[in-house]
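upload02.cif, holding mmCIF, C-alpha atoms:
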data_query
#
loop_
_atom_site.label_atom_id
_atom_site.label_comp_id
_atom_site.auth_asym_id
_atom_site.auth_seq_id
_atom_site.Cartn_x
_atom_site.Cartn_y
_atom_site.Cartn_z
CA MET A 1 231.90 -101.65 202.01
CA SER A 2 234.33 -103.62 199.88
CA GLU A 3 232.82 -105.33 196.87
CA ALA A 4 235.42 -108.06 197.31
CA VAL A 5 233.88 -108.77 200.71
CA THR A 6 230.20 -108.32 199.93
CA ASP A 7 230.37 -110.44 196.78
CA ARG A 8 232.08 -113.35 198.54
CA THR A 9 230.33 -116.71 198.69
CA ILE A 10 231.11 -120.22 199.91
CA ASN A 11 229.32 -122.98 198.03
CA GLY A 12 226.72 -120.45 196.93
CA ILE A 13 226.11 -119.08 200.44
CA PRO A 14 226.70 -115.31 200.32
CA PHE A 15 228.45 -113.05 202.83
CA ILE A 16 226.60 -109.99 204.11
CA ASP A 17 228.70 -107.19 205.61
CA PHE A 18 226.85 -105.31 208.37
CA GLY A 19 229.73 -102.92 209.03
CA ASP A 20 227.83 -99.85 207.72
CA PHE A 21 224.37 -100.85 208.92
CA GLY A 22 224.15 -98.59 211.99
CA ASP A 23 220.58 -98.17 213.23
CA GLY A 24 219.11 -99.14 209.87
CA SER A 25 218.07 -95.63 208.80
CA SER A 26 220.76 -94.85 206.20
CA PRO A 27 220.85 -95.58 202.45
CA ALA A 28 223.75 -97.93 203.17
CA ALA A 29 221.56 -99.86 205.62
CA LEU A 30 218.80 -100.14 203.03
CA ALA A 31 221.26 -101.57 200.51
CA ILE A 32 222.50 -104.09 203.09
CA GLY A 33 218.93 -105.03 203.98
CA ARG A 34 218.02 -105.62 200.33
CA LYS A 35 221.13 -107.75 199.80
CA PHE A 36 220.44 -109.73 202.99
CA PHE A 37 216.81 -110.30 202.02
CA ALA A 38 217.86 -111.51 198.56
CA ALA A 39 220.28 -113.99 200.14
CA CYS A 40 217.56 -115.29 202.44
CA LYS A 41 215.15 -115.63 199.53
CA ASP A 42 217.62 -117.31 197.19
CA THR A 43 219.40 -119.66 199.59
CA GLY A 44 217.83 -119.38 203.05
CA PHE A 45 221.35 -119.00 204.49
CA ALA A 46 223.92 -116.21 204.73
CA TYR A 47 227.27 -115.60 206.43
CA LEU A 48 227.07 -112.36 208.45
CA ILE A 49 230.26 -110.40 209.11
CA ASN A 50 230.98 -107.23 211.11
CA THR A 51 228.00 -108.02 213.31
CA GLY A 52 229.24 -106.26 216.44
CA ILE A 53 229.94 -109.51 218.30
CA PRO A 54 233.73 -109.75 218.77
CA GLN A 55 235.38 -113.03 217.82
CA ALA A 56 236.89 -113.09 221.32
CA THR A 57 233.35 -113.29 222.77
CA VAL A 58 232.56 -116.27 220.56
CA ASP A 59 235.86 -117.98 221.36
CA GLU A 60 235.25 -117.56 225.09
CA MET A 61 231.77 -119.09 224.84
CA PHE A 62 233.20 -122.13 223.07
CA GLN A 63 235.70 -122.51 225.89
CA TRP A 64 232.84 -122.50 228.40
CA SER A 65 231.01 -125.06 226.28
CA ARG A 66 234.05 -127.34 226.31
CA ARG A 67 234.34 -127.01 230.07
CA PHE A 68 230.69 -127.86 230.60
CA PHE A 69 230.67 -130.96 228.40
CA ALA A 70 233.93 -132.14 229.98
CA LEU A 71 232.16 -132.38 233.35
CA SER A 72 231.19 -135.75 234.76
CA LYS A 73 227.78 -137.08 233.82
CA ALA A 74 226.61 -136.52 237.39
CA ASP A 75 227.64 -132.86 237.29
CA LYS A 76 225.97 -132.29 233.92
CA MET A 77 222.85 -134.00 235.22
CA SER A 78 222.72 -131.48 238.07
CA ALA A 79 220.93 -129.31 235.47
CA PRO A 80 218.62 -131.90 233.84
CA ARG A 81 216.28 -131.05 231.03
CA PRO A 82 212.68 -131.51 232.26
CA GLN A 83 210.59 -134.42 231.00
CA GLU A 84 208.26 -132.07 229.11
CA GLY A 85 209.54 -131.95 225.54
CA TRP A 86 208.58 -128.30 225.09
CA TRP A 87 210.63 -127.16 228.11
CA HIS A 88 213.90 -126.71 226.25
CA ARG A 89 216.20 -125.77 229.11
CA GLY A 90 219.06 -127.58 230.84
CA TYR A 91 221.19 -130.57 229.91
CA SER A 92 220.09 -133.32 227.52
CA GLY A 93 222.32 -136.37 227.23
CA VAL A 94 223.55 -138.23 224.18
CA GLY A 95 220.69 -139.74 222.18
CA LYS A 96 217.87 -138.06 224.13
CA GLU A 97 216.73 -135.83 221.26
CA GLN A 98 215.74 -137.11 217.83
CA ILE A 99 215.13 -134.44 215.22
CA ASP A 100 211.66 -134.92 213.77
CA GLN A 101 210.02 -133.37 210.73
CA ASP A 102 206.72 -135.23 210.87
CA SER A 103 205.20 -132.84 213.42
CA GLN A 104 204.60 -130.06 210.91
CA PRO A 105 200.93 -129.32 210.26
CA ALA A 106 199.40 -130.86 207.16
CA SER A 107 197.92 -127.52 206.08
CA GLY A 108 199.95 -125.34 203.77
CA PRO A 109 202.40 -126.35 201.04
CA ALA A 110 204.49 -129.48 200.92
CA LYS A 111 207.12 -129.96 203.60
CA PRO A 112 210.77 -129.32 202.75
CA ALA A 113 212.57 -132.12 200.98
CA ALA A 114 214.29 -133.08 204.23
CA ALA A 115 210.97 -134.24 205.65
CA ALA A 116 210.97 -137.15 203.21
CA LEU A 117 214.20 -138.53 204.63
CA PRO A 118 213.71 -141.43 207.06
CA LYS A 119 214.74 -141.18 210.68
CA THR A 120 217.11 -144.13 210.67
CA THR A 121 219.80 -143.17 213.17
CA PRO A 122 219.85 -141.64 216.66
CA ASP A 123 221.22 -138.13 217.11
CA TYR A 124 224.68 -138.72 218.58
CA LYS A 125 224.99 -135.43 220.44
CA GLU A 126 224.44 -133.80 223.81
CA SER A 127 223.18 -130.31 224.49
CA PHE A 128 222.60 -127.58 227.05
CA ASP A 129 219.82 -125.05 226.48
CA LEU A 130 219.19 -121.67 228.06
CA GLY A 131 217.10 -118.59 227.50
CA SER A 132 216.12 -115.31 229.07
CA SER A 133 216.74 -114.84 232.79
CA ALA A 134 214.17 -112.06 233.07
CA PRO A 135 211.64 -112.38 235.92
CA GLY A 136 208.53 -114.16 234.69
CA ALA A 137 210.26 -115.81 231.72
CA ARG A 138 207.97 -118.49 230.30
CA LEU A 139 210.66 -121.17 230.51
CA PRO A 140 212.87 -120.75 233.59
CA ASN A 141 216.52 -121.57 233.12
CA ILE A 142 218.08 -124.67 234.67
CA PHE A 143 221.77 -124.19 235.44
CA PRO A 144 224.09 -126.44 237.42
CA PRO A 145 224.81 -125.23 240.98
CA PRO A 146 227.47 -122.48 240.96
CA HIS A 147 230.11 -124.68 242.59
CA VAL A 148 229.94 -127.20 239.72
CA LEU A 149 231.25 -124.72 237.15
CA PRO A 150 231.82 -121.25 238.64
CA GLY A 151 231.13 -118.43 236.19
CA PHE A 152 229.25 -120.62 233.69
CA GLU A 153 225.81 -119.12 234.26
CA ASP A 154 227.04 -115.51 234.00
CA ALA A 155 228.95 -116.30 230.78
CA CYS A 156 225.91 -117.96 229.22
CA LEU A 157 223.59 -115.07 230.05
CA ALA A 158 226.07 -112.51 228.74
CA PHE A 159 226.26 -114.41 225.46
CA PHE A 160 222.45 -114.54 225.35
CA ASP A 161 222.35 -110.74 225.62
CA ALA A 162 224.97 -110.33 222.87
CA GLY A 163 222.89 -112.46 220.53
CA ARG A 164 219.76 -110.51 221.30
CA ALA A 165 221.48 -107.28 220.31
CA LEU A 166 222.39 -108.84 216.96
CA GLN A 167 218.80 -110.06 216.60
CA GLY A 168 217.64 -106.44 216.47
CA THR A 169 219.98 -105.70 213.57
CA VAL A 170 218.97 -108.85 211.68
CA LEU A 171 215.23 -108.25 212.05
CA THR A 172 215.59 -104.63 210.96
CA ALA A 173 217.55 -105.71 207.89
CA LEU A 174 214.90 -108.28 206.99
CA ALA A 175 212.12 -105.68 207.27
CA LEU A 176 214.03 -103.35 204.96
CA GLY A 177 214.15 -106.11 202.37
CA PHE A 178 210.39 -106.67 202.09
CA GLU A 179 209.89 -104.36 199.12
CA ASN A 180 206.40 -105.61 198.22
CA ALA A 181 205.13 -105.39 201.79
CA ALA A 182 206.45 -101.82 202.24
CA MET A 183 206.76 -102.41 205.99
CA PRO A 184 208.47 -100.11 208.49
CA ARG A 185 211.96 -101.13 209.48
CA ASP A 186 210.80 -101.86 213.05
CA PHE A 187 207.96 -104.14 211.89
CA PHE A 188 209.25 -107.24 213.70
CA VAL A 189 210.16 -105.43 216.94
CA PRO A 190 206.74 -105.66 218.68
CA PHE A 191 206.70 -109.41 218.03
CA HIS A 192 210.08 -109.96 219.74
CA THR A 193 209.86 -108.03 223.02
CA GLU A 194 210.04 -110.95 225.47
CA ALA A 195 213.46 -112.28 224.43
CA ALA A 196 211.87 -115.66 223.69
CA ASN A 197 215.18 -116.85 222.26
CA GLN A 198 217.21 -119.97 222.96
CA VAL A 199 220.94 -120.55 223.14
CA ARG A 200 221.95 -124.16 222.58
CA LEU A 201 225.42 -125.44 223.40
CA LEU A 202 225.99 -128.55 221.29
CA HIS A 203 228.63 -131.25 221.55
CA TYR A 204 228.98 -134.08 219.07
CA PRO A 205 231.27 -136.66 220.71
CA PRO A 206 233.99 -138.38 218.66
CA ALA A 207 233.14 -141.82 217.26
CA PRO A 208 234.50 -144.32 214.73
CA LEU A 209 233.68 -143.47 211.13
CA SER A 210 232.35 -147.03 210.73
CA SER A 211 229.50 -146.24 213.16
CA PHE A 212 228.33 -143.39 210.92
CA LEU A 213 228.77 -145.36 207.70
CA SER A 214 226.73 -148.28 209.09
CA GLY A 215 223.92 -146.08 210.35
CA GLU A 216 224.57 -147.04 213.96
CA ARG A 217 225.06 -143.36 214.74
CA GLY A 218 224.10 -140.07 213.16
CA ARG A 219 224.66 -136.47 214.17
CA VAL A 220 221.59 -134.47 213.13
CA ALA A 221 219.29 -135.56 210.33
CA ALA A 222 218.03 -133.15 207.68
CA HIS A 223 215.63 -130.65 209.21
CA THR A 224 214.48 -127.04 209.25
CA ASP A 225 214.53 -124.77 212.30
CA PHE A 226 211.34 -123.72 214.05
CA GLY A 227 211.41 -120.03 214.89
CA THR A 228 212.03 -116.73 213.13
CA GLY A 229 215.61 -117.59 212.27
CA THR A 230 218.87 -118.94 213.66
CA LEU A 231 222.26 -117.38 214.30
CA LEU A 232 224.75 -120.24 214.18
CA PHE A 233 228.16 -119.83 215.79
CA GLN A 234 230.56 -122.48 214.52
CA ASP A 235 233.82 -123.28 216.25
CA PRO A 236 236.61 -121.61 214.23
CA ALA A 237 239.03 -124.25 215.55
CA ASP A 238 236.98 -126.95 213.80
CA THR A 239 238.83 -127.80 210.57
CA ARG A 240 236.30 -130.37 209.35
CA GLY A 241 232.94 -128.71 209.94
CA GLY A 242 230.04 -131.05 209.30
CA LEU A 243 227.12 -128.72 208.56
CA GLU A 244 225.54 -129.27 205.16
CA VAL A 245 222.84 -127.14 203.51
CA GLU A 246 220.35 -128.27 200.89
CA THR A 247 220.34 -125.86 197.94
CA ARG A 248 217.24 -124.84 196.01
CA ALA A 249 218.50 -127.30 193.36
CA ASP A 250 218.21 -130.14 195.92
CA GLU A 251 221.97 -130.55 196.25
CA TRP A 252 223.85 -130.76 199.54
CA VAL A 253 226.76 -128.35 200.05
CA CYS A 254 229.09 -127.74 202.99
CA ALA A 255 228.73 -124.62 205.13
CA PRO A 256 232.11 -124.64 206.92
CA PRO A 257 233.10 -122.53 209.93
CA VAL A 258 234.46 -119.09 209.01
CA LYS A 259 236.29 -117.11 211.66
CA GLY A 260 234.56 -113.81 212.31
CA ALA A 261 231.31 -114.84 210.61
CA VAL A 262 227.92 -115.86 211.98
CA LEU A 263 225.80 -118.13 209.83
CA PHE A 264 222.12 -117.10 209.62
CA ASN A 265 219.22 -119.19 208.34
CA ILE A 266 215.49 -118.72 207.95
CA GLY A 267 213.15 -120.54 210.36
CA ASP A 268 209.73 -122.07 209.73
CA LEU A 269 207.77 -119.31 211.48
CA LEU A 270 209.29 -116.68 209.20
CA MET A 271 208.42 -118.91 206.25
CA ARG A 272 204.78 -118.99 207.43
CA TRP A 273 204.86 -115.25 208.15
CA SER A 274 206.09 -114.44 204.65
CA ASN A 275 203.76 -116.92 202.92
CA ASP A 276 206.80 -118.78 201.51
CA VAL A 277 208.43 -115.63 200.11
CA LEU A 278 211.27 -116.59 202.45
CA ARG A 279 211.56 -120.38 202.74
CA SER A 280 213.35 -122.26 205.47
CA THR A 281 216.17 -124.41 204.16
CA SER A 282 216.90 -128.00 205.12
CA HIS A 283 220.26 -128.61 206.73
CA ARG A 284 221.99 -131.45 208.55
CA VAL A 285 225.11 -132.32 210.49
CA THR A 286 227.02 -135.32 209.24
CA GLY A 287 229.75 -137.50 210.67
CA VAL A 288 230.86 -138.69 207.23
CA PHE A 289 233.43 -136.56 205.42
CA ALA A 290 235.38 -136.64 202.20
CA PRO A 291 239.00 -137.79 202.64
CA LYS A 292 241.15 -135.07 204.20
CA ASP A 293 243.75 -135.19 201.44
CA GLY A 294 241.15 -134.70 198.73
CA ASP A 295 242.70 -137.37 196.48
CA GLY A 296 239.53 -139.45 196.28
CA ALA A 297 240.95 -142.28 198.36
CA ALA A 298 238.46 -144.49 200.17
CA ALA A 299 237.66 -143.43 203.71
CA ASP A 300 239.17 -145.52 206.49
CA PRO A 301 236.27 -146.94 208.54
CA ASP A 302 238.57 -147.22 211.57
CA GLU A 303 239.19 -143.47 211.56
CA ILE A 304 237.87 -141.64 214.61
CA VAL A 305 235.65 -138.76 213.56
CA GLU A 306 236.63 -135.80 215.69
CA GLY A 307 234.21 -134.27 218.16
CA ARG A 308 232.42 -131.09 217.18
CA PHE A 309 231.03 -128.08 219.05
CA SER A 310 228.54 -125.50 217.80
CA ILE A 311 226.26 -122.86 219.31
CA PRO A 312 222.96 -122.13 217.55
CA TYR A 313 221.09 -119.06 218.79
CA PHE A 314 217.41 -119.48 217.94
CA LEU A 315 215.41 -116.28 217.39
CA GLY A 316 211.82 -116.66 218.50
CA PRO A 317 208.75 -114.42 218.56
CA ASP A 318 206.93 -113.73 221.81
CA ALA A 319 204.97 -116.74 223.05
CA HIS A 320 201.54 -115.27 222.33
CA ALA A 321 202.51 -113.52 219.09
CA VAL A 322 200.15 -114.56 216.33
CA ILE A 323 202.02 -115.50 213.18
CA GLU A 324 199.89 -114.78 210.15
CA CYS A 325 200.57 -113.75 206.59
CA ILE A 326 202.26 -110.36 206.22
CA GLU A 327 200.29 -107.88 204.13
CA GLY A 328 201.89 -107.68 200.72
CA CYS A 329 202.86 -111.37 200.71
CA HIS A 330 199.52 -112.59 199.36
CA ASP A 331 196.75 -111.57 196.95
CA PRO A 332 194.20 -109.56 198.99
CA ALA A 333 191.51 -110.49 196.48
CA ASP A 334 192.13 -114.22 196.98
CA PRO A 335 191.91 -115.47 200.60
CA SER A 336 193.14 -118.88 199.47
CA SER A 337 196.49 -117.31 198.53
CA LYS A 338 197.37 -117.42 202.24
CA LYS A 339 199.08 -120.80 202.54
CA TYR A 340 199.09 -121.07 206.35
CA ALA A 341 196.51 -120.61 209.06
CA PRO A 342 197.40 -118.18 211.88
CA ILE A 343 199.16 -119.79 214.85
CA THR A 344 200.79 -118.53 218.02
CA ALA A 345 204.54 -118.85 218.22
CA SER A 346 204.41 -120.96 221.41
CA ALA A 347 201.85 -123.38 219.99
CA TYR A 348 203.98 -124.03 216.94
CA ILE A 349 207.36 -124.28 218.67
CA ASP A 350 206.02 -126.39 221.54
CA MET A 351 204.53 -128.83 219.04
CA ARG A 352 207.81 -129.16 217.18
CA MET A 353 209.95 -129.46 220.33
CA THR A 354 207.68 -132.07 221.88
CA ALA A 355 207.95 -134.23 218.76
CA ASN A 356 211.75 -134.26 219.13
CA TYR A 357 211.53 -135.82 222.58
CA THR A 358 208.85 -138.47 222.05
#
Starting from the file, lay out its structure as structure tokens.
Amino acid sequence: MSEAVTDRTINGIPFIDFGDFGDGSSPAALAIGRKFFAACKDTGFAYLINTGIPQATVDEMFQWSRRFFALSKADKMSAPRPQEGWWHRGYSGVGKEQIDQDSQPASGPAKPAAAALPKTTPDYKESFDLGSSAPGARLPNIFPPPHVLPGFEDACLAFFDAGRALQGTVLTALALGFENAAMPRDFFVPFHTEAANQVRLLHYPPAPLSSFLSGERGRVAAHTDFGTGTLLFQDPADTRGGLEVETRADEWVCAPPVKGAVLFNIGDLLMRWSNDVLRSTSHRVTGVFAPKDGDGAAADPDEIVEGRFSIPYFLGPDAHAVIECIEGCHDPADPSSKKYAPITASAYIDMRMTANYT
């Protein structure tokens, strides 16, 4: 591995090169796992490179996303998201979801700083969600009829499988990093057997800058993710980005798209699992940017903020997996050192998802 690559950062977010990781059994894999764990502990985010997912696969999925969101409203609504907030499958129109932080349980430590931010603007975005197609999947998929967009379902499910393969590498690397817990490298595997993951195709439509400046519209307010972690695929054709990450120093920094890289972040369930050793990090998507020319000139409120596409891949434990403090992440002589009560993955995620649609 090149030190020039592995030491690279953008706005304090490090790059982790998985090129020599293999099956996780080599000394090189251990070094990568320790570096990855340190990044997750220090920032909650990391750019992953040489992940095994070709850039062409990512590019193709973004093309499918563009085709889907370019459909008529009637065609998109042929795969409607169910009324139940926890059933995160199918199409959800602009303004239907409102990111909410108030649904987190009162037990445990204080919420992330993002939770203190008011919900003042609607989420100006539309989405399509999908998951496992395996028989007996807890949340059946809802795709448009094949004639609406031929090939779309197969492309989505192939991308789901590619992300699940990367999930195995990521979870192995995390386990290698838990030095104090001394856990086996396959520790997380039994908790992630059901492919309880979620792919979300996101489209942020273009809108006048004035609507974002006035608070009439927003993209996604500051929040943390719910599950084990998130693999975020950002459109490499997007020159403006929009994702911002809150640092441990309570400052907001940009996390721009990087061709060939997947952005990973810690989710709330992993934070509970690790007893805050690994903390989820607040992030948001904004429609307000610095001037393109960088000369400090005032933004033109009549400017049209370009549309944006992204594809988060949410890693989730099995529905009935009980998330409780990992041994080695608390003081065994002090039961009160466990900051969170045990909870099943489905109970926690359903609670958080329902709050976003009420």
Atomic distance atom CA of Gly131 of chain A - atom CA of Leu157 of chain A, expressed in Å with one decimal
7.8 Å
Skipping near chain neighbours, those fewer than 3 positions away, what residues fall within 10 Å of Phe178 of chain A using only C-alpha atoms, listed as a PDB file with C-alpha atoms, in the frame of the given file?
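Listed below is the output, result18.pdb:
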ATOM      1  CA  GLY A  33     218.930-105.030 203.980  1.00  0.00           C
ATOM      2  CA  ARG A  34     218.020-105.620 200.330  1.00  0.00           C
ATOM      3  CA  PHE A  37     216.810-110.300 202.020  1.00  0.00           C
ATOM      4  CA  ALA A  38     217.860-111.510 198.560  1.00  0.00           C
ATOM      5  CA  ALA A 173     217.550-105.710 207.890  1.00  0.00           C
ATOM      6  CA  LEU A 174     214.900-108.280 206.990  1.00  0.00           C
ATOM      7  CA  ALA A 175     212.120-105.680 207.270  1.00  0.00           C
ATOM      8  CA  ALA A 181     205.130-105.390 201.790  1.00  0.00           C
ATOM      9  CA  ALA A 182     206.450-101.820 202.240  1.00  0.00           C
ATOM     10  CA  MET A 183     206.760-102.410 205.990  1.00  0.00           C
ATOM     11  CA  PRO A 184     208.470-100.110 208.490  1.00  0.00           C
ATOM     12  CA  ARG A 185     211.960-101.130 209.480  1.00  0.00           C
ATOM     13  CA  SER A 274     206.090-114.440 204.650  1.00  0.00           C
ATOM     14  CA  VAL A 277     208.430-115.630 200.110  1.00  0.00           C
ATOM     15  CA  LEU A 278     211.270-116.590 202.450  1.00  0.00           C
ATOM     16  CA  ILE A 326     202.260-110.360 206.220  1.00  0.00           C
ATOM     17  CA  GLY A 328     201.890-107.680 200.720  1.00  0.00           C
ATOM     18  CA  CYS A 329     202.860-111.370 200.710  1.00  0.00           C
TER      19      CYS A 329
END
Exactly which residues make up the result of the PyMOL selection byres ((chain A and resi 164) around 10) on this file, given as number ranges by chain?
A: 132, 158-163, 165-170, 192, 195-198, 313-315
Please determine, counting all atoms listed in the file, which residue among A:His203, A:Ala134, A:Pro14, A:Leu243 has the shortest atom-to-atom distance to Ser92 of chain A.
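Once distances to Ser92 of chain A are computed over all atoms listed in the file, the minimum belongs to A:His203.
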Residue with smallest distance to Trp64 of chain A - pool A:Leu209, A:Ile10, A:Cys156, A:Val94, counting all atoms listed in the file
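Ranking A:Leu209, A:Ile10, A:Cys156, A:Val94 by distance to Trp64 of chain A, first place goes to A:Cys156.
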